[in-house]
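Let me begin by presenting the structure, written as structure tokens, before commenting on it.
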Amino acid sequence: MEVTNPNKALWEKGDFTRIAETMRQSGEEFVETLGIEPGMKVLDLGCGDGTTALPQARRGAEVLGVDIAANLVAAGNARAKAAGLDNLTFREGDASNLEGIESDRFDLVVSVFGAMFAPRPDAVAKEIVRVARPGGRIVMGNWIPGDPTLVAQILKISAAYTPPPPEGFVSPMTWGDEDIVRQRFTAAGISGDNIRFERAQWAFRSDLPPSGLLNIFRDYYGPTMNAFAAAEKDGRADQLQSELTDLFESHNRGSPGTEVRATYLKVLVTKG
Ligand SMILES: C[S@@+](CC[C@H](N)C(=O)[O-])C[C@H]1O[C@@H](n2cnc3c(N)ncnc32)[C@H](O)[C@@H]1O
């Protein structure tokens, strides 16, 4: 009997490409800060359909995108092909166990709101460090627990409507806590001097009004879909819809259309 991996099932649910379409400009801006040079070997972990992997490859890097969701890997490979990028490959894999990927291989390991969602975060830190080359860099973008901006609030509101996670589950939001992230990377062999943090902003943009952008999350973003499914069972779907509508409307700064910015923690590590 096939055993279901709930982490994989969550991200194969819906269609994250629909959210990713609202983030392309932020992906470009993020990659602009990475100092990509032609020929650089880059691993993009939890790459989705390539919001950051495509811009990396367009700058001439040799990019491997790894993601747990088969549908997003297929979407990424289709986008790379359509863009004529033969220096970019997407493949299925789990950030907690990068078996098949040799140690010390990459100049740069990037994970934008990706590896944070993998189970066993200590193993994730060890795997990221293992596959980076000595002197190589690691850059993560992670949502911040308790942050008042969009995504942390969507996840917080959604969690209040979903059943409690199984015992032993470590919240992905712990990747937005500087002390915990420092502990994870030092346990993986990185010296504290080689770990830095910055705060940055990520934007979601749509021609639709805020309610339209919310509908995209409700219909295509796994964590929000699960929250609505659970809320419906409890007869609380209207309440969830109204909380999220208030959230999206109060954070919107676009007109016409929607632009919502969310703060995230940028983790910058050098493998000494
Ligand atoms: C919020 S999306 C971000 C996708 C992409 N980095 C972007 O910015 O468009 C989270 C991604 O992490 C992937 N993911 C979740 N758990 C993972 C795991 N254990 N290993 C690899 N990827 C994972 C999901 O499939 C999804 O593509």
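Convention: chains lettered A, B, ... in structure tokens order; per-chain residue numbering from 1; ligands numbered from 1 as shown.
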- Output the neighbourhood of ligand 1 as number ranges by chain, that is, all protein and nucleic acid residues with some atom at most 7 Å from the ligand, counting only C-alpha atoms and all ligand atoms. A: 7-8, 11-12, 16, 20, 27, 45-52, 66-69, 72, 93-96, 111-115, 117-119
- Task: Mind listing the strand (DSSP E or B) residues of stretch 91-143 of chain A, per DSSP on the backbone, as a count of residues only?
- Result: 23
- Task: For each of A:Asp122, A:Glu198, A:Glu127, A:Glu167, take the minimum atom-to-atom distance to A:Gln183, counting only C-alpha atoms, then give the residue where this is smallest.
- Result: A:Asp122
- Item | Residues near A:Leu247, cut-off 10 Å, only C-alpha atoms, skip fewer than 6 positions along chain, as an MDAnalysis selection string | chainID A and resid 148:151 153:154 157 210 214 241
Selection from above, C-alpha atoms, as a JSON list (two decimals), in the first residue's frame, can you write it?
[["chain", "number", "residue", "atom", "x", "y", "z"],
["A", 148, "PRO", "CA", 1.61, 41.37, 11.30],
["A", 149, "THR", "CA", 1.96, 41.23, 7.48],
["A", 150, "LEU", "CA", 0.10, 39.05, 5.00],
["A", 151, "VAL", "CA", 1.48, 35.53, 4.85],
["A", 153, "GLN", "CA", -1.31, 36.24, 9.22],
["A", 154, "ILE", "CA", -2.86, 33.94, 6.57],
["A", 157, "ILE", "CA", -5.68, 32.60, 10.80],
["A", 210, "PRO", "CA", -8.17, 42.03, -2.91],
["A", 214, "LEU", "CA", -7.95, 35.99, -1.69],
["A", 241, "GLN", "CA", -13.76, 34.17, 4.56]]
- Message: Quick one: residues within 9 Å of stretch 28-33 of chain A, only C-alpha atoms, excluding same-chain residues fewer than 5 positions away - as number ranges by chain?
- Response: A: 23, 51-56, 202
